[in-house]
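Okay, structure first, notes after.
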Amino acid sequence: MNVPFRWDLVTPDQLGSLLDDVVAPEVWYLDELAECAGKVLARSGNGDLVFVGRSLDSMFDLLSGALPDSGRALSRLPISLYGSGELIPGDVRRAREMAAAIGITPAALARRDRPVTFVDVVHVGSTFTKLFALLDDWITEERETWPAIRRKLRFVGVTMRTKTSPNTWRWQQEHPEWTHRLPASAVVNVSLERAVWTYFGDHQTKLTRGYRLVKWREYSGEIKRDERTRMALAEAVHLVELGRTKDVRRMIARAMDGEPALSEPWLRTLRSRLS
């Protein structure tokens with residue numbers, strides 16, 4: 001498939017001399033990212049994490065370093081559904097091909113033991129809404145059993161941190177047509193400090209080009225090698241290396257303290273491995 005190329009940073013044999021003269025930038029957001037990653041894991045429902053789009057590539061990189069032996073899969077679904085219009089048949093077919101490439105099909109969802117947990121930054125929830133609709137139509141066409149699949153789908157929205165109050169608005173409230181079809185615990189949020197959320201969502205240089213649905217037919221698989229991309233690559237490689245360190249693994253583990261899921265064996269085991 002003509003999909004955005006991204007280097008394998010866990011076993012980065014492909015990098016060659018790309019970073020020979022590049023100094024890794026300071027990861028000023030590390031504490032916030034590690035805390036958010038720990039809470040995403042704790043609220044994942046023991047699911048295999050699928051990072052939608054590019055916004056949380058840094059969390060994917062950090063956890064790729066921290067969780068090599070956790071027994072759970074970390075995947076990227078590198079498509080952007082934000083702001084796209086109604087999907088035409090060709091776009092739907094391509095989206096399904098990309099999902100199937102990481103093991104997400106109606107049949108696989110119905111038969112898997114562990115849930116699939118989609119993770120993305122969330123503003124108003126339009127990406128998750130369109131992703132759910134895409135999966136829902138596919139499940140209906142394949143005539144798979146919805147009662148079995150509904151327990152295998154989870155969505156974790158990483159939101160911009162605001163002051164909490166009993167009247168705090170949550171994006172799920174705007175999308176009851178699909179969020180209410182899932183178990184109550186299947187659509188949850190983790191907040192991230194405003195400056196970090198904005199950096200990941202709006203300003204960070206990414207390693208791949210945007211893969212907007214409306215531009216699939218125009219997409220070029222060309223690998224970027226400009227100076228900004230090389231700096232971004234150094235940042236991503238550094239995050240994988242940091243994820244392997246005891247200090248960062250413990251930061252991720254400490255973020256799980258006080259989470260309700262710590263009463264469940266799977267999270268206690270995961271926390272112990274990270275510690």
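By order of appearance in the structure tokens: chains A, B, ..., then residues from 1 within every chain, and ligands from 1 in the order shown.
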
Open item on the list: Show me, as a list of chain:residue names, the residues that have an atom within 12 Å of Trp138 (chain A) when counting only C-alpha atoms, minus same-chain residues fewer than 4 positions from it.
Closed with: A:Pro89, A:Val92, A:Arg93, A:Ala95, A:Arg96, A:Glu97, A:Ala99, A:Ala100, A:Ile104, A:Thr105, A:Pro106, A:Ala107, A:Leu109, A:Leu131, A:Phe132, A:Ala133, A:Leu134, A:Glu142, A:Arg143, A:Glu144, A:Thr145, A:Trp146, A:Ile149

I'd like to know which residues of region 13-257 of chain A are alpha helix (DSSP H) (by DSSP, run on the backbone); could you write them as JSON, numbers by chain? {"A": [30, 31, 32, 33, 34, 35, 36, 37, 38, 39, 40, 41, 42, 57, 58, 59, 60, 61, 62, 63, 64, 65, 66, 89, 90, 91, 92, 93, 94, 95, 96, 97, 98, 99, 100, 101, 106, 107, 108, 109, 110, 111, 126, 127, 128, 129, 130, 131, 132, 133, 134, 135, 136, 137, 138, 139, 140, 141, 142, 146, 147, 148, 149, 176, 177, 178, 179, 194, 195, 196, 197, 198, 227, 228, 229, 230, 231, 232, 233, 234, 235, 236, 237, 238, 239, 240, 241, 242, 243, 246, 247, 248, 249, 250, 251, 252, 253, 254]}

Exercise. Region 13-237 of chain A: which residues are strand (DSSP E) by DSSP, as a ChimeraX atom specification?
Worked result: /A:48-52,74-77,116-121,153-160,187-192

Val240 (chain A) proximity check over A:Leu192, A:Asp226, A:Ala255, A:Leu62, using only C-alpha atoms: winner is A:Leu62

Query raised in the report: Closest to Ala42 (chain A) among A:Glu227, A:Glu259, A:Glu264, A:Asp8, using only C-alpha atoms?
Result: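 Of all the options, A:Glu259 lies closest to Ala42 (chain A).
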
Please list as a CSV table (one decimal) with C-alpha atoms, in the first residue's frame every residue within 10 Å of Arg228 (chain A), counting only C-alpha atoms and excluding residues in the same chain fewer than 5 positions away.
chain,number,residue,atom,x,y,z
A,205,THR,CA,7.5,18.4,13.2
A,206,LYS,CA,6.4,14.8,12.3
A,207,LEU,CA,8.4,12.1,10.5
A,233,LEU,CA,14.0,11.8,13.8
A,234,ALA,CA,16.6,12.5,16.5

Pick from A:Ala148, A:Leu56, A:Ala186, A:Leu74, whichever lies nearest to Gly201 (chain A) using only C-alpha atoms: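 When distances to Gly201 (chain A) are compared using only C-alpha atoms, the smallest one comes from A:Leu56.
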
Do you know which residues are at most 12 Å from Lys152 (chain A) counting only C-alpha atoms, after dropping those on the same chain fewer than 2 positions away, and could you put them as number ranges by chain? A: 44-49, 104-118, 145-150, 154-155, 182-183, 185-187

Please identify all polymer residues within 10 Å of Thr129 (chain A), counting only C-alpha atoms, omitting same-chain residues fewer than 2 positions from it, and present them as a PDB file with all heavy atoms, in the first residue's frame.
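Writing the result to selection_17.pdb gives the following:
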ATOM      1  N   LEU A  81      -8.513  11.589   9.901  1.00  0.00           N
ATOM      2  CA  LEU A  81      -9.935  11.714   9.606  1.00  0.00           C
ATOM      3  C   LEU A  81     -10.458  13.096   9.961  1.00  0.00           C
ATOM      4  O   LEU A  81     -11.612  13.410   9.712  1.00  0.00           O
ATOM      5  CB  LEU A  81     -10.727  10.662  10.380  1.00  0.00           C
ATOM      6  CG  LEU A  81     -10.406   9.210  10.034  1.00  0.00           C
ATOM      7  CD1 LEU A  81     -10.937   8.282  11.110  1.00  0.00           C
ATOM      8  CD2 LEU A  81     -10.979   8.839   8.687  1.00  0.00           C
ATOM      9  N   TYR A  82      -9.605  13.918  10.557  1.00  0.00           N
ATOM     10  CA  TYR A  82     -10.042  15.230  11.017  1.00  0.00           C
ATOM     11  C   TYR A  82     -10.381  16.122   9.818  1.00  0.00           C
ATOM     12  O   TYR A  82      -9.581  16.290   8.891  1.00  0.00           O
ATOM     13  CB  TYR A  82      -8.952  15.899  11.842  1.00  0.00           C
ATOM     14  CG  TYR A  82      -9.326  17.273  12.347  1.00  0.00           C
ATOM     15  CD1 TYR A  82     -10.203  17.407  13.413  1.00  0.00           C
ATOM     16  CD2 TYR A  82      -8.820  18.415  11.751  1.00  0.00           C
ATOM     17  CE1 TYR A  82     -10.562  18.661  13.884  1.00  0.00           C
ATOM     18  CE2 TYR A  82      -9.178  19.674  12.204  1.00  0.00           C
ATOM     19  CZ  TYR A  82     -10.049  19.789  13.277  1.00  0.00           C
ATOM     20  OH  TYR A  82     -10.409  21.021  13.727  1.00  0.00           O
ATOM     21  N   VAL A 124     -12.860  17.930  19.592  1.00  0.00           N
ATOM     22  CA  VAL A 124     -14.314  17.758  19.677  1.00  0.00           C
ATOM     23  C   VAL A 124     -14.740  16.320  19.364  1.00  0.00           C
ATOM     24  O   VAL A 124     -15.927  16.012  19.392  1.00  0.00           O
ATOM     25  CB  VAL A 124     -15.050  18.738  18.727  1.00  0.00           C
ATOM     26  CG1 VAL A 124     -14.804  20.170  19.169  1.00  0.00           C
ATOM     27  CG2 VAL A 124     -14.620  18.539  17.284  1.00  0.00           C
ATOM     28  N   GLY A 125     -13.793  15.450  19.062  1.00  0.00           N
ATOM     29  CA  GLY A 125     -14.120  14.040  18.879  1.00  0.00           C
ATOM     30  C   GLY A 125     -14.503  13.622  17.483  1.00  0.00           C
ATOM     31  O   GLY A 125     -14.988  12.509  17.282  1.00  0.00           O
ATOM     32  N   SER A 126     -14.272  14.468  16.473  1.00  0.00           N
ATOM     33  CA  SER A 126     -14.713  14.116  15.123  1.00  0.00           C
ATOM     34  C   SER A 126     -13.947  12.930  14.542  1.00  0.00           C
ATOM     35  O   SER A 126     -14.519  12.107  13.822  1.00  0.00           O
ATOM     36  CB  SER A 126     -14.574  15.323  14.187  1.00  0.00           C
ATOM     37  OG  SER A 126     -13.235  15.756  14.102  1.00  0.00           O
ATOM     38  N   THR A 127     -12.655  12.814  14.864  1.00  0.00           N
ATOM     39  CA  THR A 127     -11.870  11.694  14.334  1.00  0.00           C
ATOM     40  C   THR A 127     -12.411  10.369  14.855  1.00  0.00           C
ATOM     41  O   THR A 127     -12.626   9.419  14.090  1.00  0.00           O
ATOM     42  CB  THR A 127     -10.386  11.845  14.705  1.00  0.00           C
ATOM     43  OG1 THR A 127      -9.836  12.951  13.988  1.00  0.00           O
ATOM     44  CG2 THR A 127      -9.602  10.591  14.337  1.00  0.00           C
ATOM     45  N   LEU A 131     -14.085   7.296  12.752  1.00  0.00           N
ATOM     46  CA  LEU A 131     -13.467   5.979  12.834  1.00  0.00           C
ATOM     47  C   LEU A 131     -14.480   4.939  13.291  1.00  0.00           C
ATOM     48  O   LEU A 131     -14.543   3.834  12.732  1.00  0.00           O
ATOM     49  CB  LEU A 131     -12.284   6.023  13.800  1.00  0.00           C
ATOM     50  CG  LEU A 131     -11.549   4.707  14.043  1.00  0.00           C
ATOM     51  CD1 LEU A 131     -11.002   4.124  12.744  1.00  0.00           C
ATOM     52  CD2 LEU A 131     -10.426   4.907  15.065  1.00  0.00           C
ATOM     53  N   PHE A 132     -15.294   5.279  14.286  1.00  0.00           N
ATOM     54  CA  PHE A 132     -16.315   4.339  14.750  1.00  0.00           C
ATOM     55  C   PHE A 132     -17.302   4.034  13.625  1.00  0.00           C
ATOM     56  O   PHE A 132     -17.690   2.877  13.421  1.00  0.00           O
ATOM     57  CB  PHE A 132     -17.070   4.895  15.957  1.00  0.00           C
ATOM     58  CG  PHE A 132     -18.123   3.964  16.481  1.00  0.00           C
ATOM     59  CD1 PHE A 132     -17.820   3.016  17.435  1.00  0.00           C
ATOM     60  CD2 PHE A 132     -19.433   4.021  16.006  1.00  0.00           C
ATOM     61  CE1 PHE A 132     -18.784   2.133  17.917  1.00  0.00           C
ATOM     62  CE2 PHE A 132     -20.403   3.148  16.463  1.00  0.00           C
ATOM     63  CZ  PHE A 132     -20.079   2.201  17.420  1.00  0.00           C
ATOM     64  N   ALA A 133     -17.726   5.061  12.879  1.00  0.00           N
ATOM     65  CA  ALA A 133     -18.672   4.848  11.779  1.00  0.00           C
ATOM     66  C   ALA A 133     -18.077   3.936  10.716  1.00  0.00           C
ATOM     67  O   ALA A 133     -18.771   3.061  10.178  1.00  0.00           O
ATOM     68  CB  ALA A 133     -19.071   6.187  11.167  1.00  0.00           C
ATOM     69  N   LEU A 134     -16.809   4.127  10.432  1.00  0.00           N
ATOM     70  CA  LEU A 134     -16.144   3.283   9.443  1.00  0.00           C
ATOM     71  C   LEU A 134     -16.147   1.819   9.896  1.00  0.00           C
ATOM     72  O   LEU A 134     -16.456   0.907   9.118  1.00  0.00           O
ATOM     73  CB  LEU A 134     -14.717   3.781   9.231  1.00  0.00           C
ATOM     74  CG  LEU A 134     -13.911   3.227   8.062  1.00  0.00           C
ATOM     75  CD1 LEU A 134     -12.923   4.273   7.574  1.00  0.00           C
ATOM     76  CD2 LEU A 134     -13.151   1.956   8.437  1.00  0.00           C
ATOM     77  N   GLN A 172     -17.351  13.440  24.693  1.00  0.00           N
ATOM     78  CA  GLN A 172     -18.286  12.322  24.494  1.00  0.00           C
ATOM     79  C   GLN A 172     -19.745  12.759  24.557  1.00  0.00           C
ATOM     80  O   GLN A 172     -20.620  12.127  23.967  1.00  0.00           O
ATOM     81  CB  GLN A 172     -18.111  11.235  25.532  1.00  0.00           C
ATOM     82  CG  GLN A 172     -16.915  10.700  25.962  1.00  0.00           C
ATOM     83  CD  GLN A 172     -15.997  11.373  26.857  1.00  0.00           C
ATOM     84  OE1 GLN A 172     -15.723  12.545  26.702  1.00  0.00           O
ATOM     85  NE2 GLN A 172     -15.481  10.634  27.823  1.00  0.00           N
ATOM     86  N   HIS A 175     -21.427  13.230  21.317  1.00  0.00           N
ATOM     87  CA  HIS A 175     -21.510  12.098  20.389  1.00  0.00           C
ATOM     88  C   HIS A 175     -22.214  10.893  21.018  1.00  0.00           C
ATOM     89  O   HIS A 175     -21.710   9.768  20.978  1.00  0.00           O
ATOM     90  CB  HIS A 175     -20.107  11.697  19.933  1.00  0.00           C
ATOM     91  CG  HIS A 175     -19.344  12.807  19.297  1.00  0.00           C
ATOM     92  ND1 HIS A 175     -19.573  13.238  18.006  1.00  0.00           N
ATOM     93  CD2 HIS A 175     -18.362  13.608  19.791  1.00  0.00           C
ATOM     94  CE1 HIS A 175     -18.753  14.241  17.717  1.00  0.00           C
ATOM     95  NE2 HIS A 175     -18.024  14.491  18.785  1.00  0.00           N
ATOM     96  N   GLU A 177     -24.669   9.248  19.972  1.00  0.00           N
ATOM     97  CA  GLU A 177     -25.184   8.293  18.998  1.00  0.00           C
ATOM     98  C   GLU A 177     -24.285   7.067  18.882  1.00  0.00           C
ATOM     99  O   GLU A 177     -24.751   5.988  18.527  1.00  0.00           O
ATOM    100  CB  GLU A 177     -25.373   8.964  17.628  1.00  0.00           C
ATOM    101  CG  GLU A 177     -24.092   9.380  16.912  1.00  0.00           C
ATOM    102  CD  GLU A 177     -23.502  10.688  17.412  1.00  0.00           C
ATOM    103  OE1 GLU A 177     -24.092  11.293  18.325  1.00  0.00           O
ATOM    104  OE2 GLU A 177     -22.441  11.095  16.879  1.00  0.00           O
ATOM    105  N   TRP A 178     -22.997   7.194  19.165  1.00  0.00           N
ATOM    106  CA  TRP A 178     -22.127   6.013  19.106  1.00  0.00           C
ATOM    107  C   TRP A 178     -21.468   5.694  20.449  1.00  0.00           C
ATOM    108  O   TRP A 178     -21.281   4.518  20.763  1.00  0.00           O
ATOM    109  CB  TRP A 178     -21.069   6.162  18.009  1.00  0.00           C
ATOM    110  CG  TRP A 178     -19.989   7.181  18.247  1.00  0.00           C
ATOM    111  CD1 TRP A 178     -20.001   8.480  17.868  1.00  0.00           C
ATOM    112  CD2 TRP A 178     -18.728   6.966  18.900  1.00  0.00           C
ATOM    113  NE1 TRP A 178     -18.832   9.104  18.244  1.00  0.00           N
ATOM    114  CE2 TRP A 178     -18.026   8.192  18.870  1.00  0.00           C
ATOM    115  CE3 TRP A 178     -18.119   5.856  19.486  1.00  0.00           C
ATOM    116  CZ2 TRP A 178     -16.752   8.346  19.425  1.00  0.00           C
ATOM    117  CZ3 TRP A 178     -16.850   5.997  20.040  1.00  0.00           C
ATOM    118  CH2 TRP A 178     -16.187   7.237  20.003  1.00  0.00           C
ATOM    119  N   THR A 179     -21.156   6.692  21.243  1.00  0.00           N
ATOM    120  CA  THR A 179     -20.488   6.393  22.519  1.00  0.00           C
ATOM    121  C   THR A 179     -21.404   5.606  23.456  1.00  0.00           C
ATOM    122  O   THR A 179     -20.926   4.799  24.255  1.00  0.00           O
ATOM    123  CB  THR A 179     -20.014   7.687  23.207  1.00  0.00           C
ATOM    124  OG1 THR A 179     -21.135   8.556  23.406  1.00  0.00           O
ATOM    125  CG2 THR A 179     -18.966   8.393  22.359  1.00  0.00           C
TER     126      THR A 179
END

- prompt: Interatomic distance between CA of Val122 (chain A) and CA of Glu174 (chain A)?
  reply: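 Between CA of Val122 (chain A) and CA of Glu174 (chain A) the gap is 12.4 Å.
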